file model_4.cif (mmCIF, N, CA and C atoms)
data_protein
#
loop_
_atom_site.label_atom_id
_atom_site.label_comp_id
_atom_site.auth_asym_id
_atom_site.auth_seq_id
_atom_site.Cartn_x
_atom_site.Cartn_y
_atom_site.Cartn_z
N MET A 17 -22.30 85.06 45.52
CA MET A 17 -21.25 84.09 45.71
C MET A 17 -21.76 82.90 46.53
N ALA A 18 -22.65 83.16 47.48
CA ALA A 18 -23.19 82.08 48.30
C ALA A 18 -23.97 81.10 47.43
N HIS A 19 -24.67 81.63 46.43
CA HIS A 19 -25.43 80.75 45.55
C HIS A 19 -24.49 79.81 44.78
N SER A 20 -23.36 80.33 44.35
CA SER A 20 -22.39 79.51 43.63
C SER A 20 -21.88 78.39 44.53
N SER A 21 -21.59 78.73 45.77
CA SER A 21 -21.11 77.74 46.72
C SER A 21 -22.17 76.67 46.97
N GLU A 22 -23.41 77.10 47.15
CA GLU A 22 -24.51 76.14 47.37
C GLU A 22 -24.69 75.25 46.14
N ARG A 23 -24.57 75.84 44.96
CA ARG A 23 -24.70 75.07 43.72
C ARG A 23 -23.60 74.03 43.61
N ASN A 24 -22.37 74.44 43.95
CA ASN A 24 -21.24 73.50 43.90
C ASN A 24 -21.46 72.33 44.87
N ILE A 25 -21.94 72.65 46.06
CA ILE A 25 -22.19 71.61 47.06
C ILE A 25 -23.28 70.68 46.57
N ALA A 26 -24.37 71.22 46.04
CA ALA A 26 -25.49 70.39 45.56
C ALA A 26 -25.04 69.51 44.39
N LYS A 27 -24.30 70.08 43.45
CA LYS A 27 -23.81 69.30 42.30
C LYS A 27 -22.89 68.18 42.76
N THR A 28 -22.02 68.49 43.70
CA THR A 28 -21.08 67.49 44.18
C THR A 28 -21.80 66.39 44.94
N ARG A 29 -22.78 66.75 45.77
CA ARG A 29 -23.56 65.73 46.49
C ARG A 29 -24.30 64.84 45.50
N PHE A 30 -24.86 65.43 44.44
CA PHE A 30 -25.55 64.65 43.43
C PHE A 30 -24.58 63.68 42.76
N LYS A 31 -23.40 64.17 42.44
CA LYS A 31 -22.39 63.32 41.80
C LYS A 31 -21.99 62.17 42.72
N ILE A 32 -21.83 62.46 44.00
CA ILE A 32 -21.47 61.43 44.97
C ILE A 32 -22.57 60.37 45.04
N GLU A 33 -23.81 60.80 45.11
CA GLU A 33 -24.93 59.84 45.15
C GLU A 33 -24.95 58.98 43.89
N ASP A 34 -24.74 59.60 42.74
CA ASP A 34 -24.71 58.85 41.48
C ASP A 34 -23.58 57.82 41.48
N LEU A 35 -22.40 58.24 41.91
CA LEU A 35 -21.26 57.32 41.94
C LEU A 35 -21.51 56.18 42.92
N GLN A 36 -22.12 56.49 44.08
CA GLN A 36 -22.41 55.44 45.05
C GLN A 36 -23.41 54.43 44.49
N LYS A 37 -24.40 54.91 43.75
CA LYS A 37 -25.37 54.00 43.12
C LYS A 37 -24.67 53.12 42.09
N ARG A 38 -23.80 53.71 41.30
CA ARG A 38 -23.09 52.94 40.28
C ARG A 38 -22.19 51.89 40.92
N VAL A 39 -21.52 52.25 42.01
CA VAL A 39 -20.68 51.29 42.73
C VAL A 39 -21.54 50.15 43.26
N ALA A 40 -22.72 50.48 43.81
CA ALA A 40 -23.62 49.45 44.34
C ALA A 40 -24.08 48.50 43.24
N VAL A 41 -24.38 49.03 42.07
CA VAL A 41 -24.80 48.19 40.94
C VAL A 41 -23.65 47.26 40.52
N LEU A 42 -22.46 47.80 40.45
CA LEU A 42 -21.30 46.97 40.08
C LEU A 42 -21.06 45.88 41.13
N GLU A 43 -21.21 46.23 42.39
CA GLU A 43 -21.01 45.25 43.46
C GLU A 43 -22.05 44.14 43.37
N ALA A 44 -23.30 44.49 43.13
CA ALA A 44 -24.36 43.49 42.99
C ALA A 44 -24.11 42.61 41.78
N THR A 45 -23.66 43.21 40.70
CA THR A 45 -23.35 42.45 39.48
C THR A 45 -22.18 41.50 39.74
N ARG A 46 -21.17 42.01 40.43
CA ARG A 46 -20.00 41.17 40.76
C ARG A 46 -20.44 39.96 41.58
N GLU A 47 -21.27 40.18 42.59
CA GLU A 47 -21.74 39.08 43.43
C GLU A 47 -22.54 38.07 42.61
N ASP A 48 -23.37 38.57 41.69
CA ASP A 48 -24.16 37.67 40.85
C ASP A 48 -23.26 36.84 39.94
N LEU A 49 -22.26 37.47 39.34
CA LEU A 49 -21.34 36.74 38.46
C LEU A 49 -20.56 35.69 39.25
N GLU A 50 -20.13 36.04 40.45
CA GLU A 50 -19.41 35.07 41.28
C GLU A 50 -20.31 33.89 41.63
N ARG A 51 -21.57 34.16 41.90
CA ARG A 51 -22.53 33.09 42.21
C ARG A 51 -22.69 32.17 40.98
N GLN A 52 -22.81 32.79 39.80
CA GLN A 52 -22.93 32.00 38.57
C GLN A 52 -21.71 31.12 38.35
N ILE A 53 -20.53 31.66 38.59
CA ILE A 53 -19.30 30.90 38.42
C ILE A 53 -19.27 29.72 39.39
N ARG A 54 -19.69 29.94 40.63
CA ARG A 54 -19.72 28.84 41.61
C ARG A 54 -20.66 27.72 41.15
N LYS A 55 -21.83 28.12 40.64
CA LYS A 55 -22.77 27.11 40.15
C LYS A 55 -22.18 26.35 38.96
N LEU A 56 -21.54 27.06 38.06
CA LEU A 56 -20.92 26.40 36.90
C LEU A 56 -19.78 25.48 37.33
N ASN A 57 -19.02 25.91 38.36
CA ASN A 57 -17.93 25.06 38.87
C ASN A 57 -18.47 23.78 39.49
N ASP A 58 -19.64 23.88 40.13
CA ASP A 58 -20.26 22.67 40.68
C ASP A 58 -20.62 21.70 39.56
N SER A 59 -21.05 22.25 38.44
CA SER A 59 -21.47 21.43 37.29
C SER A 59 -20.26 20.87 36.54
N VAL A 60 -19.27 21.74 36.28
CA VAL A 60 -18.07 21.34 35.53
C VAL A 60 -16.86 21.95 36.24
N PRO A 61 -16.22 21.17 37.13
CA PRO A 61 -15.08 21.73 37.86
C PRO A 61 -13.80 21.87 37.03
N GLU A 62 -13.73 21.17 35.91
CA GLU A 62 -12.53 21.20 35.08
C GLU A 62 -12.36 22.57 34.40
N ASP A 63 -11.10 22.85 34.03
CA ASP A 63 -10.80 24.06 33.27
C ASP A 63 -10.60 23.77 31.79
N SER A 64 -10.49 22.48 31.45
CA SER A 64 -10.43 22.09 30.04
C SER A 64 -10.89 20.64 29.92
N VAL A 65 -11.61 20.37 28.83
CA VAL A 65 -12.17 19.04 28.59
C VAL A 65 -12.16 18.81 27.09
N GLU A 66 -11.87 17.60 26.70
CA GLU A 66 -11.93 17.23 25.28
C GLU A 66 -13.40 17.16 24.85
N ALA A 67 -13.65 17.50 23.62
CA ALA A 67 -15.03 17.51 23.10
C ALA A 67 -15.68 16.14 23.16
N ASN A 68 -14.89 15.08 23.09
CA ASN A 68 -15.46 13.73 23.10
C ASN A 68 -15.41 13.08 24.49
N ALA A 69 -15.13 13.85 25.52
CA ALA A 69 -15.04 13.31 26.88
C ALA A 69 -16.39 12.75 27.32
N GLN A 70 -16.34 11.72 28.15
CA GLN A 70 -17.55 11.07 28.65
C GLN A 70 -17.57 11.16 30.17
N LYS A 71 -18.78 11.19 30.71
CA LYS A 71 -18.95 11.18 32.16
C LYS A 71 -20.28 10.51 32.46
N ASP A 72 -20.28 9.64 33.45
CA ASP A 72 -21.50 8.94 33.80
C ASP A 72 -22.63 9.91 34.11
N GLY A 73 -23.79 9.62 33.55
CA GLY A 73 -24.97 10.44 33.81
C GLY A 73 -25.13 11.61 32.85
N TYR A 74 -24.19 11.81 31.94
CA TYR A 74 -24.25 12.93 31.00
C TYR A 74 -24.25 12.41 29.57
N VAL A 75 -25.07 13.03 28.76
CA VAL A 75 -25.02 12.76 27.33
C VAL A 75 -24.19 13.88 26.72
N ALA A 76 -23.20 13.54 25.92
CA ALA A 76 -22.33 14.54 25.28
C ALA A 76 -21.69 15.47 26.30
N TYR A 77 -21.12 14.88 27.36
CA TYR A 77 -20.51 15.67 28.42
C TYR A 77 -19.42 16.60 27.90
N GLY A 78 -18.60 16.12 26.99
CA GLY A 78 -17.47 16.92 26.49
C GLY A 78 -17.91 18.24 25.89
N SER A 79 -18.89 18.22 25.01
CA SER A 79 -19.33 19.49 24.41
C SER A 79 -20.05 20.36 25.43
N TYR A 80 -20.82 19.73 26.32
CA TYR A 80 -21.48 20.49 27.39
C TYR A 80 -20.42 21.16 28.28
N ALA A 81 -19.41 20.39 28.68
CA ALA A 81 -18.36 20.93 29.54
C ALA A 81 -17.61 22.06 28.86
N GLN A 82 -17.34 21.91 27.58
CA GLN A 82 -16.64 22.99 26.86
C GLN A 82 -17.46 24.28 26.86
N SER A 83 -18.77 24.16 26.69
CA SER A 83 -19.59 25.38 26.70
C SER A 83 -19.63 25.99 28.09
N VAL A 84 -19.65 25.16 29.13
CA VAL A 84 -19.64 25.68 30.50
C VAL A 84 -18.31 26.35 30.80
N ILE A 85 -17.22 25.74 30.36
CA ILE A 85 -15.89 26.32 30.58
C ILE A 85 -15.78 27.67 29.86
N ALA A 86 -16.28 27.74 28.64
CA ALA A 86 -16.26 29.02 27.90
C ALA A 86 -17.08 30.07 28.64
N ARG A 87 -18.22 29.66 29.18
CA ARG A 87 -19.07 30.60 29.93
C ARG A 87 -18.33 31.10 31.17
N LYS A 88 -17.67 30.21 31.89
CA LYS A 88 -16.91 30.62 33.08
C LYS A 88 -15.81 31.62 32.70
N GLU A 89 -15.13 31.36 31.58
CA GLU A 89 -14.08 32.29 31.13
C GLU A 89 -14.67 33.67 30.82
N ASN A 90 -15.82 33.69 30.16
CA ASN A 90 -16.48 34.97 29.86
C ASN A 90 -16.88 35.69 31.14
N LEU A 91 -17.40 34.95 32.10
CA LEU A 91 -17.79 35.57 33.37
C LEU A 91 -16.57 36.12 34.11
N ARG A 92 -15.47 35.39 34.05
CA ARG A 92 -14.24 35.88 34.70
C ARG A 92 -13.73 37.15 34.04
N ARG A 93 -13.83 37.22 32.72
CA ARG A 93 -13.44 38.46 32.01
C ARG A 93 -14.35 39.60 32.44
N SER A 94 -15.63 39.31 32.54
CA SER A 94 -16.58 40.34 32.98
C SER A 94 -16.25 40.80 34.40
N LEU A 95 -15.86 39.87 35.26
CA LEU A 95 -15.45 40.24 36.62
C LEU A 95 -14.24 41.16 36.59
N GLY A 96 -13.31 40.87 35.71
CA GLY A 96 -12.14 41.74 35.56
C GLY A 96 -12.54 43.14 35.13
N ASP A 97 -13.46 43.21 34.17
CA ASP A 97 -13.94 44.52 33.72
C ASP A 97 -14.63 45.27 34.86
N ILE A 98 -15.41 44.55 35.64
CA ILE A 98 -16.10 45.17 36.77
C ILE A 98 -15.08 45.68 37.79
N GLY A 99 -14.03 44.91 38.00
CA GLY A 99 -12.97 45.35 38.92
C GLY A 99 -12.33 46.65 38.45
N GLU A 100 -12.07 46.74 37.15
CA GLU A 100 -11.48 47.96 36.60
C GLU A 100 -12.44 49.14 36.75
N GLN A 101 -13.71 48.92 36.42
CA GLN A 101 -14.71 49.99 36.55
C GLN A 101 -14.85 50.43 38.00
N SER A 102 -14.85 49.47 38.91
CA SER A 102 -14.98 49.79 40.33
C SER A 102 -13.80 50.64 40.79
N GLY A 103 -12.62 50.30 40.31
CA GLY A 103 -11.43 51.08 40.66
C GLY A 103 -11.53 52.52 40.18
N ARG A 104 -11.99 52.68 38.93
CA ARG A 104 -12.15 54.04 38.39
C ARG A 104 -13.21 54.81 39.18
N LEU A 105 -14.32 54.15 39.46
CA LEU A 105 -15.39 54.83 40.21
C LEU A 105 -14.93 55.18 41.63
N ALA A 106 -14.15 54.31 42.24
CA ALA A 106 -13.64 54.59 43.58
C ALA A 106 -12.76 55.84 43.55
N GLY A 107 -11.95 55.98 42.50
CA GLY A 107 -11.12 57.17 42.36
C GLY A 107 -11.96 58.43 42.17
N GLU A 108 -12.99 58.32 41.30
CA GLU A 108 -13.88 59.47 41.09
C GLU A 108 -14.62 59.83 42.37
N LEU A 109 -15.04 58.82 43.11
CA LEU A 109 -15.76 59.05 44.36
C LEU A 109 -14.87 59.75 45.38
N LYS A 110 -13.62 59.34 45.46
CA LYS A 110 -12.69 59.99 46.40
C LYS A 110 -12.51 61.46 46.04
N VAL A 111 -12.35 61.74 44.75
CA VAL A 111 -12.18 63.13 44.31
C VAL A 111 -13.43 63.94 44.66
N ALA A 112 -14.61 63.37 44.41
CA ALA A 112 -15.87 64.08 44.70
C ALA A 112 -16.04 64.31 46.20
N LEU A 113 -15.69 63.31 47.01
CA LEU A 113 -15.80 63.48 48.47
C LEU A 113 -14.82 64.53 48.97
N ASP A 114 -13.62 64.55 48.42
CA ASP A 114 -12.64 65.57 48.79
C ASP A 114 -13.13 66.96 48.39
N ALA A 115 -13.73 67.07 47.20
CA ALA A 115 -14.26 68.35 46.74
C ALA A 115 -15.40 68.81 47.65
N LEU A 116 -16.29 67.90 47.99
CA LEU A 116 -17.40 68.26 48.88
C LEU A 116 -16.87 68.74 50.22
N ASP A 117 -15.87 68.04 50.74
CA ASP A 117 -15.27 68.45 52.01
C ASP A 117 -14.71 69.87 51.91
N SER A 118 -14.04 70.17 50.80
CA SER A 118 -13.47 71.51 50.60
C SER A 118 -14.57 72.56 50.52
N PHE A 119 -15.60 72.27 49.72
CA PHE A 119 -16.71 73.23 49.59
C PHE A 119 -17.37 73.49 50.94
N GLU A 120 -17.56 72.44 51.72
CA GLU A 120 -18.23 72.59 53.01
C GLU A 120 -17.34 73.34 54.01
N ARG A 121 -16.03 73.11 53.96
CA ARG A 121 -15.13 73.86 54.84
C ARG A 121 -15.13 75.34 54.48
N ILE A 122 -15.13 75.64 53.19
CA ILE A 122 -15.18 77.04 52.75
C ILE A 122 -16.48 77.68 53.22
N LYS A 123 -17.58 76.98 53.07
CA LYS A 123 -18.87 77.49 53.52
C LYS A 123 -18.86 77.73 55.03
N ALA A 124 -18.31 76.82 55.78
CA ALA A 124 -18.26 76.96 57.24
C ALA A 124 -17.41 78.17 57.64
N ARG A 125 -16.29 78.38 56.94
CA ARG A 125 -15.45 79.56 57.25
C ARG A 125 -16.19 80.85 56.96
N ARG A 126 -16.92 80.87 55.83
CA ARG A 126 -17.69 82.07 55.50
C ARG A 126 -18.77 82.34 56.54
N MET A 127 -19.44 81.30 56.97
CA MET A 127 -20.48 81.48 57.97
C MET A 127 -19.89 81.94 59.30
N ALA A 128 -18.73 81.41 59.67
CA ALA A 128 -18.07 81.82 60.91
C ALA A 128 -17.65 83.29 60.82
N ALA A 129 -17.13 83.69 59.67
CA ALA A 129 -16.72 85.09 59.50
C ALA A 129 -17.94 86.01 59.57
N LYS A 130 -19.03 85.59 58.98
CA LYS A 130 -20.26 86.36 59.02
C LYS A 130 -20.77 86.50 60.46
N ALA A 131 -20.71 85.42 61.21
CA ALA A 131 -21.16 85.43 62.60
C ALA A 131 -20.27 86.35 63.43
N GLU A 132 -18.95 86.30 63.17
CA GLU A 132 -18.03 87.18 63.91
C GLU A 132 -18.33 88.64 63.64
N LYS A 133 -18.62 88.98 62.39
CA LYS A 133 -18.95 90.36 62.04
C LYS A 133 -20.24 90.79 62.73
N ALA A 134 -21.21 89.92 62.77
CA ALA A 134 -22.48 90.25 63.43
C ALA A 134 -22.26 90.45 64.91
N MET A 135 -21.44 89.64 65.54
CA MET A 135 -21.16 89.78 66.97
C MET A 135 -20.38 91.07 67.23
N ALA A 136 -19.47 91.40 66.32
CA ALA A 136 -18.69 92.62 66.48
C ALA A 136 -19.59 93.84 66.37
N ARG A 137 -20.58 93.79 65.46
CA ARG A 137 -21.52 94.91 65.34
C ARG A 137 -22.35 95.06 66.59
N LYS A 138 -22.79 93.94 67.16
CA LYS A 138 -23.58 93.99 68.39
C LYS A 138 -22.75 94.52 69.54
N ALA A 139 -21.50 94.11 69.63
CA ALA A 139 -20.63 94.54 70.71
C ALA A 139 -20.18 95.98 70.54
N GLY A 140 -20.11 96.43 69.34
CA GLY A 140 -19.56 97.74 69.04
C GLY A 140 -20.55 98.79 69.05
#

call {"tool": "encode", "arguments": {"input": "model_4.cif", "output": "structure tokens"}}
result
Amino acid sequence: MAHSSERNIAKTRFKIEDLQKRVAVLEATREDLERQIRKLNDSVPEDSVEANAQKDGYVAYGSYAQSVIARKENLRRSLGDIGEQSGRLAGELKVALDALDSFERIKARRMAAKAEKAMARKAG
């Protein structure tokens, strides 16, 4: 039975580490997408532009701006997806941490009971 408990603890710790890595990857991706959006906003602050719009210093600004705006929209959708994934992973991580806590408390109780029996044998 002790082996089963140790296996459960090891599996749960592995799952927690995996979930933490996945959360870290999503967080890094989120930060990168936000950085990209900021750069695109510096280039084209508008949220909509006519295809034939003109701006000093730009050739074919309207079509360029439209492509930048479309890219920003795609990045924002991706950020939304990352937010949803992060929420799901956070829920899974909480469940795994709670399970690990339970497994470790059970293990600690078993060890305490074992120690009490050993002390009782010595005293008796």

call {"tool": "select_by_dssp", "arguments": {"input": "model_4.cif", "residues": "stretch 27-106 of chain A", "states": "helix (DSSP H, G or I)", "output": "PyMOL selection string"}}
result
chain A and resi 27-59+77-106

call {"tool": "closest_residue", "arguments": {"input": "model_4.cif", "among": "A:Ala136, A:Val39, A:Ala67, A:Glu33", "to": "A:Ala106", "atoms": "only N, CA and C atoms"}}
result
A:Val39

call {"tool": "resolve_selection", "arguments": {"input": "model_4.cif", "expression": "the PyMOL selection byres (((chain A and resi 112 and name CA) around 12) and name CA)", "output": "list in words"}}
result
Asn24, Ile25, Ala26, Lys27, Thr28, Arg29, Phe30, Lys31, Ile32, Glu33, Asp34, Leu35, Gln36, Leu105, Ala106, Gly107, Glu108, Leu109, Lys110, Val111, Leu113, Asp114, Ala115, Leu116, Asp117, Ser118 and Phe119 of chain A

call {"tool": "atom_distance", "arguments": {"input": "model_4.cif", "atom1": "atom CA of A:Lys71", "atom2": "atom CA of A:Asp48"}}
result
28.4 Å

call {"tool": "atom_distance", "arguments": {"input": "model_4.cif", "atom1": "atom CA of A:Leu56", "atom2": "atom C of A:Val84"}}
result
6.6 Å

call {"tool": "atom_distance", "arguments": {"input": "model_4.cif", "atom1": "atom CA of A:Arg125", "atom2": "atom C of A:Glu22"}}
result
15.1 Å

call {"tool": "closest_residue", "arguments": {"input": "model_4.cif", "among": "A:Ser64, A:Gln52, A:Ile122, A:Gln101", "to": "A:Gln82", "atoms": "only C-alpha atoms"}}
result
A:Ser64
